[in-house]
file protein_5.cif (mmCIF, C-alpha atoms and all ligand atoms)
data_query
loop_
_atom_site.group_PDB
_atom_site.id
_atom_site.type_symbol
_atom_site.label_atom_id
_atom_site.label_comp_id
_atom_site.auth_asym_id
_atom_site.auth_seq_id
_atom_site.Cartn_x
_atom_site.Cartn_y
_atom_site.Cartn_z
ATOM 1 C CA MET A 1 -16.697 -1.855 9.062
ATOM 2 C CA LYS A 2 -17.039 1.947 9.150
ATOM 3 C CA HIS A 3 -13.461 3.071 8.348
ATOM 4 C CA LEU A 4 -10.251 1.501 7.040
ATOM 5 C CA LEU A 5 -7.448 3.236 8.927
ATOM 6 C CA SER A 6 -5.071 0.386 9.721
ATOM 7 C CA ILE A 7 -4.619 -3.312 8.940
ATOM 8 C CA ASP A 8 -5.196 -3.734 12.652
ATOM 9 C CA ASP A 9 -8.884 -2.834 12.018
ATOM 10 C CA LEU A 10 -9.342 -6.059 10.033
ATOM 11 C CA SER A 11 -9.799 -9.628 11.211
ATOM 12 C CA THR A 12 -8.497 -12.468 9.030
ATOM 13 C CA ASP A 13 -12.124 -13.221 8.102
ATOM 14 C CA GLU A 14 -12.652 -9.651 6.957
ATOM 15 C CA ILE A 15 -9.464 -9.808 4.869
ATOM 16 C CA ALA A 16 -10.708 -13.040 3.282
ATOM 17 C CA GLN A 17 -14.082 -11.399 2.514
ATOM 18 C CA LEU A 18 -12.347 -8.398 0.935
ATOM 19 C CA PHE A 19 -10.227 -10.740 -1.206
ATOM 20 C CA GLU A 20 -13.350 -12.613 -2.319
ATOM 21 C CA THR A 21 -15.052 -9.366 -3.343
ATOM 22 C CA ALA A 22 -11.826 -8.194 -5.020
ATOM 23 C CA ALA A 23 -11.770 -11.377 -7.128
ATOM 24 C CA ASP A 24 -15.299 -10.528 -8.378
ATOM 25 C CA MET A 25 -14.231 -6.937 -9.011
ATOM 26 C CA HIS A 26 -11.187 -8.182 -10.922
ATOM 27 C CA ASP A 27 -13.539 -9.743 -13.465
ATOM 28 C CA VAL A 28 -15.111 -6.325 -14.116
ATOM 29 C CA GLN A 29 -11.741 -5.127 -15.456
ATOM 30 C CA SER A 30 -11.958 -7.481 -18.410
ATOM 31 C CA ARG A 31 -15.509 -6.439 -19.360
ATOM 32 C CA GLU A 32 -16.196 -4.082 -22.201
ATOM 33 C CA VAL A 33 -18.443 -1.908 -20.028
ATOM 34 C CA LYS A 34 -16.610 -1.498 -16.727
ATOM 35 C CA LYS A 35 -19.437 -0.256 -14.557
ATOM 36 C CA LEU A 36 -21.405 -1.656 -11.627
ATOM 37 C CA PRO A 37 -24.322 0.237 -10.070
ATOM 38 C CA ALA A 38 -23.368 -0.612 -6.442
ATOM 39 C CA LEU A 39 -22.473 2.917 -5.267
ATOM 40 C CA ARG A 40 -24.928 4.927 -7.372
ATOM 41 C CA GLY A 41 -25.905 8.078 -5.472
ATOM 42 C CA ARG A 42 -22.839 7.918 -3.203
ATOM 43 C CA THR A 43 -20.124 10.569 -3.167
ATOM 44 C CA VAL A 44 -16.451 9.832 -2.559
ATOM 45 C CA VAL A 45 -13.836 12.549 -2.089
ATOM 46 C CA ASN A 46 -10.157 11.797 -2.637
ATOM 47 C CA MET A 47 -8.108 14.216 -0.517
ATOM 48 C CA PHE A 48 -4.427 13.902 -1.325
ATOM 49 C CA PHE A 49 -2.014 16.116 0.570
ATOM 50 C CA GLU A 50 0.984 14.225 -0.855
ATOM 51 C CA ASP A 51 1.998 13.303 -4.401
ATOM 52 C CA SER A 52 0.496 10.165 -5.873
ATOM 53 C CA THR A 53 0.009 8.562 -9.267
ATOM 54 C CA ARG A 54 -1.269 5.040 -8.753
ATOM 55 C CA THR A 55 -3.068 5.241 -5.417
ATOM 56 C CA ARG A 56 -5.095 8.303 -6.298
ATOM 57 C CA SER A 57 -6.062 7.206 -9.798
ATOM 58 C CA SER A 58 -6.795 3.722 -8.482
ATOM 59 C CA PHE A 59 -9.254 5.053 -5.878
ATOM 60 C CA GLU A 60 -10.772 7.372 -8.480
ATOM 61 C CA ILE A 61 -11.316 4.631 -11.048
ATOM 62 C CA ALA A 62 -12.527 2.225 -8.339
ATOM 63 C CA GLY A 63 -15.202 4.706 -7.233
ATOM 64 C CA LYS A 64 -16.225 5.485 -10.806
ATOM 65 C CA TRP A 65 -16.526 1.848 -11.841
ATOM 66 C CA LEU A 66 -18.854 1.378 -8.871
ATOM 67 C CA SER A 67 -20.914 4.370 -10.117
ATOM 68 C CA ALA A 68 -20.075 6.689 -7.197
ATOM 69 C CA ASP A 69 -19.532 10.395 -7.847
ATOM 70 C CA VAL A 70 -15.812 10.953 -7.229
ATOM 71 C CA ILE A 71 -14.208 14.322 -6.536
ATOM 72 C CA ASN A 72 -10.462 14.958 -6.157
ATOM 73 C CA VAL A 73 -9.045 17.551 -3.785
ATOM 74 C CA SER A 74 -5.281 18.023 -3.592
ATOM 75 C CA ALA A 75 -3.304 20.186 -1.179
ATOM 76 C CA LYS A 76 -1.982 22.295 -4.006
ATOM 77 C CA GLY A 77 -5.046 24.138 -5.243
ATOM 78 C CA SER A 78 -7.078 23.637 -2.048
ATOM 79 C CA SER A 79 -7.630 26.210 0.688
ATOM 80 C CA THR A 80 -4.959 24.585 2.889
ATOM 81 C CA SER A 81 -2.454 26.525 0.783
ATOM 82 C CA LYS A 82 -4.316 29.674 1.942
ATOM 83 C CA GLY A 83 -3.747 28.700 5.563
ATOM 84 C CA GLU A 84 -6.933 26.739 6.292
ATOM 85 C CA SER A 85 -6.535 23.980 8.884
ATOM 86 C CA LEU A 86 -6.966 20.316 7.954
ATOM 87 C CA ARG A 87 -10.030 20.185 10.223
ATOM 88 C CA ASP A 88 -11.710 23.133 8.510
ATOM 89 C CA THR A 89 -10.929 21.783 5.028
ATOM 90 C CA VAL A 90 -12.290 18.346 5.875
ATOM 91 C CA LEU A 91 -15.424 19.691 7.605
ATOM 92 C CA THR A 92 -16.083 22.015 4.653
ATOM 93 C CA VAL A 93 -15.888 19.184 2.141
ATOM 94 C CA CYS A 94 -17.996 16.879 4.310
ATOM 95 C CA ALA A 95 -20.685 19.567 4.731
ATOM 96 C CA MET A 96 -21.468 18.894 1.071
ATOM 97 C CA GLY A 97 -22.804 15.438 1.918
ATOM 98 C CA VAL A 98 -19.819 13.174 1.370
ATOM 99 C CA ASP A 99 -20.151 9.431 2.080
ATOM 100 C CA GLY A 100 -16.527 8.357 1.709
ATOM 101 C CA LEU A 101 -13.314 10.268 2.323
ATOM 102 C CA VAL A 102 -10.063 8.796 1.024
ATOM 103 C CA ILE A 103 -7.170 10.660 2.579
ATOM 104 C CA ARG A 104 -3.392 10.744 2.104
ATOM 105 C CA HIS A 105 -1.479 13.069 4.404
ATOM 106 C CA PRO A 106 2.183 13.492 5.438
ATOM 107 C CA ALA A 107 1.316 13.326 9.159
ATOM 108 C CA SER A 108 1.153 9.902 10.811
ATOM 109 C CA GLY A 109 -2.276 9.541 12.438
ATOM 110 C CA ALA A 110 -3.999 12.055 10.132
ATOM 111 C CA ALA A 111 -6.605 9.569 8.871
ATOM 112 C CA LEU A 112 -7.541 8.491 12.409
ATOM 113 C CA GLN A 113 -7.821 12.115 13.480
ATOM 114 C CA VAL A 114 -10.042 12.957 10.489
ATOM 115 C CA SER A 115 -12.290 9.950 11.211
ATOM 116 C CA GLU A 116 -13.044 11.490 14.617
ATOM 117 C CA TRP A 117 -14.230 14.737 13.006
ATOM 118 C CA VAL A 118 -16.564 13.487 10.284
ATOM 119 C CA ASP A 119 -19.549 11.181 9.740
ATOM 120 C CA ALA A 120 -18.208 9.889 6.415
ATOM 121 C CA SER A 121 -16.318 6.596 6.120
ATOM 122 C CA VAL A 122 -12.598 7.335 6.063
ATOM 123 C CA VAL A 123 -10.015 5.304 4.133
ATOM 124 C CA ASN A 124 -6.350 5.818 4.945
ATOM 125 C CA ALA A 125 -4.481 6.084 1.637
ATOM 126 C CA GLY A 126 -1.161 6.643 3.447
ATOM 127 C CA ASP A 127 -0.474 8.657 6.611
ATOM 128 C CA GLY A 128 3.141 9.741 6.894
ATOM 129 C CA MET A 129 5.424 6.858 7.828
ATOM 130 C CA HIS A 130 2.613 5.037 9.638
ATOM 131 C CA GLU A 131 0.272 2.924 7.471
ATOM 132 C CA HIS A 132 -1.032 2.283 3.978
ATOM 133 C CA PRO A 133 -3.571 -0.495 4.482
ATOM 134 C CA THR A 134 -4.932 -0.824 0.917
ATOM 135 C CA GLN A 135 -1.362 -1.233 -0.378
ATOM 136 C CA ALA A 136 -0.768 -4.116 2.043
ATOM 137 C CA LEU A 137 -4.084 -5.704 1.048
ATOM 138 C CA LEU A 138 -3.276 -5.494 -2.646
ATOM 139 C CA ASP A 139 0.226 -6.876 -2.050
ATOM 140 C CA ALA A 140 -1.098 -9.863 -0.090
ATOM 141 C CA TYR A 141 -3.881 -10.402 -2.630
ATOM 142 C CA THR A 142 -1.354 -10.393 -5.499
ATOM 143 C CA LEU A 143 0.936 -12.806 -3.664
ATOM 144 C CA GLN A 144 -1.944 -15.146 -2.851
ATOM 145 C CA ARG A 145 -2.819 -15.345 -6.526
ATOM 146 C CA HIS A 146 0.748 -16.521 -7.191
ATOM 147 C CA LEU A 147 1.515 -18.624 -4.149
ATOM 148 C CA GLY A 148 -1.910 -19.926 -3.185
ATOM 149 C CA SER A 149 -2.226 -19.659 0.582
ATOM 150 C CA LEU A 150 0.359 -17.455 2.321
ATOM 151 C CA GLU A 151 0.444 -19.832 5.293
ATOM 152 C CA GLY A 152 4.094 -20.681 5.996
ATOM 153 C CA ARG A 153 5.361 -18.893 2.877
ATOM 154 C CA HIS A 154 8.443 -16.742 3.370
ATOM 155 C CA VAL A 155 8.210 -13.112 2.254
ATOM 156 C CA ALA A 156 11.321 -10.891 2.265
ATOM 157 C CA ILE A 157 10.684 -7.134 2.513
ATOM 158 C CA ILE A 158 13.831 -5.242 1.564
ATOM 159 C CA GLY A 159 14.699 -1.555 1.563
ATOM 160 C CA ASP A 160 14.044 1.706 3.342
ATOM 161 C CA LEU A 161 12.045 0.351 6.264
ATOM 162 C CA THR A 162 12.388 3.420 8.461
ATOM 163 C CA HIS A 163 10.370 5.673 6.171
ATOM 164 C CA SER A 164 7.958 3.041 4.855
ATOM 165 C CA ARG A 165 4.263 2.897 5.718
ATOM 166 C CA VAL A 166 3.978 0.095 3.152
ATOM 167 C CA PHE A 167 6.271 -2.069 5.276
ATOM 168 C CA ARG A 168 4.393 -1.226 8.506
ATOM 169 C CA SER A 169 1.052 -2.270 7.009
ATOM 170 C CA ASN A 170 2.530 -5.259 5.218
ATOM 171 C CA VAL A 171 4.130 -6.959 8.210
ATOM 172 C CA GLN A 172 0.774 -6.850 9.963
ATOM 173 C CA CYS A 173 -1.179 -8.118 6.980
ATOM 174 C CA LEU A 174 1.240 -10.864 5.943
ATOM 175 C CA THR A 175 1.738 -12.216 9.464
ATOM 176 C CA LYS A 176 -2.055 -12.195 10.007
ATOM 177 C CA LEU A 177 -2.340 -14.387 6.909
ATOM 178 C CA GLY A 178 0.238 -16.812 8.303
ATOM 179 C CA ALA A 179 3.280 -15.809 6.238
ATOM 180 C CA ARG A 180 6.816 -15.871 7.611
ATOM 181 C CA VAL A 181 8.230 -12.381 7.095
ATOM 182 C CA THR A 182 11.874 -11.274 7.111
ATOM 183 C CA VAL A 183 12.590 -7.564 6.775
ATOM 184 C CA VAL A 184 15.988 -6.457 5.494
ATOM 185 C CA ALA A 185 17.590 -3.002 5.560
ATOM 186 C CA PRO A 186 20.937 -1.356 6.201
ATOM 187 C CA PRO A 187 21.359 -0.544 9.914
ATOM 188 C CA THR A 188 20.669 3.148 9.246
ATOM 189 C CA LEU A 189 17.298 2.374 7.638
ATOM 190 C CA MET A 190 16.193 -0.250 10.183
ATOM 191 C CA PRO A 191 13.566 1.451 12.426
ATOM 192 C CA SER A 192 14.743 2.004 15.980
ATOM 193 C CA GLY A 193 12.964 -0.265 18.452
ATOM 194 C CA ILE A 194 12.316 -2.931 15.834
ATOM 195 C CA GLY A 195 13.788 -5.645 18.109
ATOM 196 C CA PRO A 196 10.964 -5.797 20.684
ATOM 197 C CA TRP A 197 8.362 -5.077 17.995
ATOM 198 C CA SER A 198 9.479 -7.911 15.716
ATOM 199 C CA ALA A 199 9.648 -10.289 18.689
ATOM 200 C CA ALA A 200 6.086 -9.393 19.728
ATOM 201 C CA ALA A 201 4.678 -9.402 16.187
ATOM 202 C CA GLY A 202 6.530 -12.534 15.070
ATOM 203 C CA PHE A 203 8.675 -11.388 12.156
ATOM 204 C CA GLU A 204 12.431 -11.558 11.585
ATOM 205 C CA THR A 205 15.019 -8.896 10.791
ATOM 206 C CA SER A 206 18.273 -9.125 8.845
ATOM 207 C CA TYR A 207 21.007 -6.911 7.424
ATOM 208 C CA ASP A 208 22.072 -9.543 4.896
ATOM 209 C CA VAL A 209 20.149 -9.556 1.592
ATOM 210 C CA ASP A 210 22.279 -12.294 0.061
ATOM 211 C CA ALA A 211 21.481 -14.680 2.916
ATOM 212 C CA VAL A 212 17.725 -14.009 2.796
ATOM 213 C CA LEU A 213 17.071 -14.057 -0.980
ATOM 214 C CA PRO A 214 17.707 -17.800 -1.588
ATOM 215 C CA GLU A 215 15.160 -18.663 1.133
ATOM 216 C CA ALA A 216 12.380 -16.336 -0.021
ATOM 217 C CA ASP A 217 9.106 -17.416 -1.650
ATOM 218 C CA ALA A 218 8.383 -13.776 -2.550
ATOM 219 C CA VAL A 219 10.407 -10.572 -2.561
ATOM 220 C CA MET A 220 9.074 -7.092 -1.913
ATOM 221 C CA MET A 221 11.442 -4.238 -2.723
ATOM 222 C CA LEU A 222 10.790 -0.825 -1.146
ATOM 223 C CA ARG A 223 11.629 2.584 -2.515
ATOM 224 C CA VAL A 224 14.399 4.661 -0.976
ATOM 225 C CA GLN A 225 12.239 7.579 0.234
ATOM 226 C CA ARG A 226 14.631 10.470 -0.210
ATOM 227 C CA GLU A 227 11.847 13.036 0.294
ATOM 228 C CA ARG A 228 11.478 11.861 3.916
ATOM 229 C CA MET A 229 15.208 11.850 4.694
ATOM 230 C CA SER A 230 16.657 14.813 6.532
ATOM 231 C CA GLY A 231 20.275 13.621 6.409
ATOM 232 C CA ALA A 232 22.471 11.005 4.747
ATOM 233 C CA PHE A 233 21.390 7.443 5.524
ATOM 234 C CA PHE A 234 23.966 5.796 3.242
ATOM 235 C CA PRO A 235 27.265 7.008 1.759
ATOM 236 C CA SER A 236 26.179 7.032 -1.907
ATOM 237 C CA PRO A 237 23.438 5.617 -4.157
ATOM 238 C CA ARG A 238 26.004 3.224 -5.619
ATOM 239 C CA GLU A 239 26.820 1.803 -2.181
ATOM 240 C CA TYR A 240 23.129 1.341 -1.426
ATOM 241 C CA THR A 241 22.678 -0.623 -4.652
ATOM 242 C CA VAL A 242 25.734 -2.772 -3.971
ATOM 243 C CA GLY A 243 24.581 -3.551 -0.435
ATOM 244 C CA TYR A 244 20.798 -3.738 -0.744
ATOM 245 C CA GLY A 245 19.609 -3.386 -4.354
ATOM 246 C CA LEU A 246 17.942 -6.198 -6.269
ATOM 247 C CA THR A 247 20.617 -6.313 -8.949
ATOM 248 C CA ARG A 248 20.967 -8.655 -11.901
ATOM 249 C CA ASN A 249 23.463 -10.797 -9.938
ATOM 250 C CA ARG A 250 21.103 -11.071 -6.986
ATOM 251 C CA LEU A 251 18.257 -12.224 -9.248
ATOM 252 C CA ALA A 252 20.252 -15.418 -9.732
ATOM 253 C CA LEU A 253 20.041 -16.093 -5.957
ATOM 254 C CA LEU A 254 16.250 -16.429 -6.087
ATOM 255 C CA LYS A 255 14.405 -19.708 -6.390
ATOM 256 C CA PRO A 256 12.735 -20.007 -9.828
ATOM 257 C CA ASP A 257 9.550 -17.978 -10.399
ATOM 258 C CA VAL A 258 9.678 -16.150 -7.071
ATOM 259 C CA PRO A 259 7.351 -13.136 -7.484
ATOM 260 C CA ILE A 260 9.066 -9.749 -7.256
ATOM 261 C CA CYS A 261 6.879 -6.909 -5.926
ATOM 262 C CA HIS A 262 7.443 -3.181 -5.631
ATOM 263 C CA PRO A 263 4.673 -0.770 -4.559
ATOM 264 C CA GLY A 264 5.980 1.894 -6.936
ATOM 265 C CA PRO A 265 7.176 4.388 -7.782
ATOM 266 C CA MET A 266 10.427 2.526 -8.492
ATOM 267 C CA ASN A 267 13.881 4.078 -8.437
ATOM 268 C CA ARG A 268 15.299 1.979 -11.249
ATOM 269 C CA GLY A 269 19.006 1.418 -10.815
ATOM 270 C CA LEU A 270 18.876 2.227 -7.085
ATOM 271 C CA GLU A 271 16.792 -0.306 -5.123
ATOM 272 C CA ILE A 272 15.806 -2.370 -8.157
ATOM 273 C CA ALA A 273 17.662 -3.015 -11.425
ATOM 274 C CA ALA A 274 15.777 -2.913 -14.719
ATOM 275 C CA ASP A 275 16.529 -6.653 -15.087
ATOM 276 C CA ALA A 276 14.512 -7.324 -11.928
ATOM 277 C CA ALA A 277 11.752 -4.755 -12.517
ATOM 278 C CA ASP A 278 11.121 -6.140 -15.999
ATOM 279 C CA ALA A 279 11.819 -9.811 -15.227
ATOM 280 C CA ALA A 280 9.185 -12.387 -16.153
ATOM 281 C CA GLN A 281 8.538 -12.957 -12.446
ATOM 282 C CA SER A 282 8.009 -9.238 -11.696
ATOM 283 C CA VAL A 283 4.414 -8.614 -10.578
ATOM 284 C CA VAL A 284 4.706 -4.824 -10.359
ATOM 285 C CA LEU A 285 1.998 -4.063 -12.929
ATOM 286 C CA GLU A 286 -0.193 -6.856 -11.643
ATOM 287 C CA GLN A 287 -0.043 -5.129 -8.245
ATOM 288 C CA VAL A 288 -1.543 -2.067 -9.922
ATOM 289 C CA SER A 289 -4.492 -3.949 -11.422
ATOM 290 C CA SER A 290 -5.003 -5.902 -8.184
ATOM 291 C CA GLY A 291 -4.956 -2.539 -6.404
ATOM 292 C CA LEU A 292 -7.943 -1.400 -8.372
ATOM 293 C CA ALA A 293 -9.872 -4.564 -7.498
ATOM 294 C CA ILE A 294 -8.944 -4.219 -3.815
ATOM 295 C CA ARG A 295 -10.000 -0.558 -3.702
ATOM 296 C CA MET A 296 -13.306 -1.408 -5.361
ATOM 297 C CA ALA A 297 -13.802 -4.094 -2.717
ATOM 298 C CA VAL A 298 -12.924 -1.688 0.122
ATOM 299 C CA LEU A 299 -15.247 1.072 -1.131
ATOM 300 C CA TYR A 300 -17.987 -1.505 -1.681
ATOM 301 C CA HIS A 301 -17.694 -2.933 1.850
ATOM 302 C CA LEU A 302 -17.571 0.502 3.445
ATOM 303 C CA LEU A 303 -20.227 2.307 1.432
ATOM 304 C CA ALA A 304 -22.720 -0.160 -0.034
ATOM 305 C CA GLY A 305 -24.880 -0.272 3.076
ATOM 306 C CA GLU A 306 -28.345 -1.838 3.025
ATOM 307 C CA GLU A 307 -29.939 1.443 2.036
ATOM 308 C CA ALA A 308 -27.572 1.846 -0.945
HETATM 309 C C1 LIG A 401 3.943 3.988 -1.603
HETATM 310 C C2 LIG A 401 3.520 5.125 -0.710
HETATM 311 O O1 LIG A 401 3.083 6.182 -1.177
HETATM 312 O O2 LIG A 401 3.627 4.925 0.476
HETATM 313 N N1 LIG A 401 3.518 4.069 -2.924
HETATM 314 C C3 LIG A 401 2.250 3.783 -3.282
HETATM 315 O O3 LIG A 401 1.289 4.039 -2.593
HETATM 316 N N2 LIG A 401 2.106 3.125 -4.451
HETATM 317 C C4 LIG A 401 5.383 3.708 -1.503
HETATM 318 C C5 LIG A 401 6.353 4.764 -1.910
HETATM 319 O O4 LIG A 401 6.017 5.918 -2.103
HETATM 320 O O5 LIG A 401 7.523 4.390 -2.020
#
call {"tool": "encode", "arguments": {"input": "protein_5.cif", "output": "structure tokens"}}
result
Amino acid sequence: MKHLLSIDDLSTDEIAQLFETAADMHDVQSREVKKLPALRGRTVVNMFFEDSTRTRSSFEIAGKWLSADVINVSAKGSSTSKGESLRDTVLTVCAMGVDGLVIRHPASGAALQVSEWVDASVVNAGDGMHEHPTQALLDAYTLQRHLGSLEGRHVAIIGDLTHSRVFRSNVQCLTKLGARVTVVAPPTLMPSGIGPWSAAAGFETSYDVDAVLPEADAVMMLRVQRERMSGAFFPSPREYTVGYGLTRNRLALLKPDVPICHPGPMNRGLEIAADAADAAQSVVLEQVSSGLAIRMAVLYHLLAGEEA
């Protein structure tokens, strides 16, 4: 595996291998000295052209715990704000002898494009509304720890599907692992063309949260991505919450102990009520620590070649 650009790059065996490595990496988190020598002498650059808290720090810590040298470049403060092209910025950074390039960019396809320009291994940390493969891996890994195998388990993904790369990577990952997936959104936030896609990929769609929740073995709430919306997709925040939010009343529709996921950042009170975000069955913070283990596993598989 040279790059991780899309869940489509991974076979089910490769996902299983990543999960196995992630389980070992998870143990490192509870050690007093959180350091493995695996990537000593390797350099990883995090290039984030969009805001991020958890994904960027997670990749940074993951690289550091594996003993790589990690450098952060963000759009603000880089030469792109002086008019330099993405290609020139990336080639400049890679001319310094970079082994791994973790990139987040607002344009769908940016990571793939960058991988064609450089020799370094490229990890897609989110490209526009397209994909976010490490998020899907950490979500599936977290759910497996709670549900055992995902085979035949029913996962409901609810929220702003149109603007969500998390959803696009997750349907691929979860269906690959044998889960039954139902995606739920208001008609205005259901991606156009989802009918033929869901039929081909084998997942279901619904506009009715209250019908789906009682049948779910896991629930994944998605953020309303206002920064990607050019117009009004729903009449008011209140109406969104009433129609599609995981409210206190809707919590009661769930089977007991159904894990509640959210990739973060959460809009509390909009797509998820505090009662749900802080419920005993919420796995939101566990997703964050699993994310670190998954990113360590990904960097390890991509960069710890035989000569490392
Ligand atoms: C997601 C993203 O950036 O796509 N967040 C994340 O990586 N933790 C989802 C979001 O921003 O809503």
call {"tool": "residues_around", "arguments": {"input": "protein_5.cif", "residues": "Glu227 of chain A", "least_positions_apart": "5", "cutoff": "12 Å", "atoms": "all atoms listed in the file", "output": "ChimeraX atom specification"}}
result
/A:50-51,106,128-129,160,163-164,232
call {"tool": "write_last_selection", "arguments": {"input": "protein_5.cif", "atoms": "C-alpha atoms", "output": "PDB file, in the coordinates of the input"}}
result
ATOM      1  CA  GLU A  50       0.984  14.225  -0.855  1.00  0.00           C
ATOM      2  CA  ASP A  51       1.998  13.303  -4.401  1.00  0.00           C
ATOM      3  CA  PRO A 106       2.183  13.492   5.438  1.00  0.00           C
ATOM      4  CA  GLY A 128       3.141   9.741   6.894  1.00  0.00           C
ATOM      5  CA  MET A 129       5.424   6.858   7.828  1.00  0.00           C
ATOM      6  CA  ASP A 160      14.044   1.706   3.342  1.00  0.00           C
ATOM      7  CA  HIS A 163      10.370   5.673   6.171  1.00  0.00           C
ATOM      8  CA  SER A 164       7.958   3.041   4.855  1.00  0.00           C
ATOM      9  CA  ALA A 232      22.471  11.005   4.747  1.00  0.00           C
TER      10      ALA A 232
END
call {"tool": "resolve_selection", "arguments": {"input": "protein_5.cif", "expression": "the PyMOL selection byres (((not hetatm)) within 9 of (chain A and resi 401))", "output": "number ranges by chain"}}
result
A: 50-56, 104, 125-129, 131-132, 134-135, 160, 163-167, 222-225, 262-266, 288
call {"tool": "write_last_selection", "arguments": {"input": "protein_5.cif", "atoms": "C-alpha atoms", "output": "mmCIF file, in the frame of the given file"}}
result
data_model
loop_
_atom_site.group_PDB
_atom_site.id
_atom_site.type_symbol
_atom_site.label_atom_id
_atom_site.label_comp_id
_atom_site.auth_asym_id
_atom_site.auth_seq_id
_atom_site.Cartn_x
_atom_site.Cartn_y
_atom_site.Cartn_z
ATOM 1 C CA GLU A 50 0.984 14.225 -0.855
ATOM 2 C CA ASP A 51 1.998 13.303 -4.401
ATOM 3 C CA SER A 52 0.496 10.165 -5.873
ATOM 4 C CA THR A 53 0.009 8.562 -9.267
ATOM 5 C CA ARG A 54 -1.269 5.040 -8.753
ATOM 6 C CA THR A 55 -3.068 5.241 -5.417
ATOM 7 C CA ARG A 56 -5.095 8.303 -6.298
ATOM 8 C CA ARG A 104 -3.392 10.744 2.104
ATOM 9 C CA ALA A 125 -4.481 6.084 1.637
ATOM 10 C CA GLY A 126 -1.161 6.643 3.447
ATOM 11 C CA ASP A 127 -0.474 8.657 6.611
ATOM 12 C CA GLY A 128 3.141 9.741 6.894
ATOM 13 C CA MET A 129 5.424 6.858 7.828
ATOM 14 C CA GLU A 131 0.272 2.924 7.471
ATOM 15 C CA HIS A 132 -1.032 2.283 3.978
ATOM 16 C CA THR A 134 -4.932 -0.824 0.917
ATOM 17 C CA GLN A 135 -1.362 -1.233 -0.378
ATOM 18 C CA ASP A 160 14.044 1.706 3.342
ATOM 19 C CA HIS A 163 10.370 5.673 6.171
ATOM 20 C CA SER A 164 7.958 3.041 4.855
ATOM 21 C CA ARG A 165 4.263 2.897 5.718
ATOM 22 C CA VAL A 166 3.978 0.095 3.152
ATOM 23 C CA PHE A 167 6.271 -2.069 5.276
ATOM 24 C CA LEU A 222 10.790 -0.825 -1.146
ATOM 25 C CA ARG A 223 11.629 2.584 -2.515
ATOM 26 C CA VAL A 224 14.399 4.661 -0.976
ATOM 27 C CA GLN A 225 12.239 7.579 0.234
ATOM 28 C CA HIS A 262 7.443 -3.181 -5.631
ATOM 29 C CA PRO A 263 4.673 -0.770 -4.559
ATOM 30 C CA GLY A 264 5.980 1.894 -6.936
ATOM 31 C CA PRO A 265 7.176 4.388 -7.782
ATOM 32 C CA MET A 266 10.427 2.526 -8.492
ATOM 33 C CA VAL A 288 -1.543 -2.067 -9.922
#
call {"tool": "resolve_selection", "arguments": {"input": "protein_5.cif", "expression": "the PyMOL selection byres (((chain A and resi 149) around 12) and not hetatm)", "output": "number ranges by chain"}}
result
A: 16, 140-148, 150-154, 174, 177-179, 217
call {"tool": "resolve_selection", "arguments": {"input": "protein_5.cif", "expression": "the PyMOL selection byres (((chain A and resi 185) around 9) and not hetatm)", "output": "PyMOL selection string"}}
result
chain A and resi 157-162+183-184+186-190+205-209+244
call {"tool": "write_last_selection", "arguments": {"input": "protein_5.cif", "atoms": "C-alpha atoms", "output": "PDB file, keeping the file's coordinate frame"}}
result
ATOM      1  CA  ILE A 157      10.684  -7.134   2.513  1.00  0.00           C
ATOM      2  CA  ILE A 158      13.831  -5.242   1.564  1.00  0.00           C
ATOM      3  CA  GLY A 159      14.699  -1.555   1.563  1.00  0.00           C
ATOM      4  CA  ASP A 160      14.044   1.706   3.342  1.00  0.00           C
ATOM      5  CA  LEU A 161      12.045   0.351   6.264  1.00  0.00           C
ATOM      6  CA  THR A 162      12.388   3.420   8.461  1.00  0.00           C
ATOM      7  CA  VAL A 183      12.590  -7.564   6.775  1.00  0.00           C
ATOM      8  CA  VAL A 184      15.988  -6.457   5.494  1.00  0.00           C
ATOM      9  CA  PRO A 186      20.937  -1.356   6.201  1.00  0.00           C
ATOM     10  CA  PRO A 187      21.359  -0.544   9.914  1.00  0.00           C
ATOM     11  CA  THR A 188      20.669   3.148   9.246  1.00  0.00           C
ATOM     12  CA  LEU A 189      17.298   2.374   7.638  1.00  0.00           C
ATOM     13  CA  MET A 190      16.193  -0.250  10.183  1.00  0.00           C
ATOM     14  CA  THR A 205      15.019  -8.896  10.791  1.00  0.00           C
ATOM     15  CA  SER A 206      18.273  -9.125   8.845  1.00  0.00           C
ATOM     16  CA  TYR A 207      21.007  -6.911   7.424  1.00  0.00           C
ATOM     17  CA  ASP A 208      22.072  -9.543   4.896  1.00  0.00           C
ATOM     18  CA  VAL A 209      20.149  -9.556   1.592  1.00  0.00           C
ATOM     19  CA  TYR A 244      20.798  -3.738  -0.744  1.00  0.00           C
TER      20      TYR A 244
END
call {"tool": "atom_distance", "arguments": {"input": "protein_5.cif", "atom1": "atom CA of Gln17 of chain A", "atom2": "atom CA of Val181 of chain A"}}
result
22.8 Å
call {"tool": "residues_around", "arguments": {"input": "protein_5.cif", "residues": "Ser282 of chain A", "least_positions_apart": "4", "cutoff": "7 Å", "atoms": "only C-alpha atoms", "output": "JSON, numbers by chain"}}
result
{"A": [259, 260, 261, 276, 277, 278]}
call {"tool": "closest_residue", "arguments": {"input": "protein_5.cif", "among": "A:Leu4, A:Val284, A:Ala22, A:Leu66", "to": "Ser121 of chain A", "atoms": "all atoms listed in the file"}}
result
A:Leu4
call {"tool": "atom_distance", "arguments": {"input": "protein_5.cif", "atom1": "atom CA of Asp119 of chain A", "atom2": "atom CA of Asp99 of chain A"}}
result
7.9 Å
call {"tool": "residues_near_point", "arguments": {"input": "protein_5.cif", "point": "(-12.9, -6.5, 5.0)", "cutoff": "10 Å", "atoms": "all atoms listed in the file", "output": "count of residues only"}}
result
23
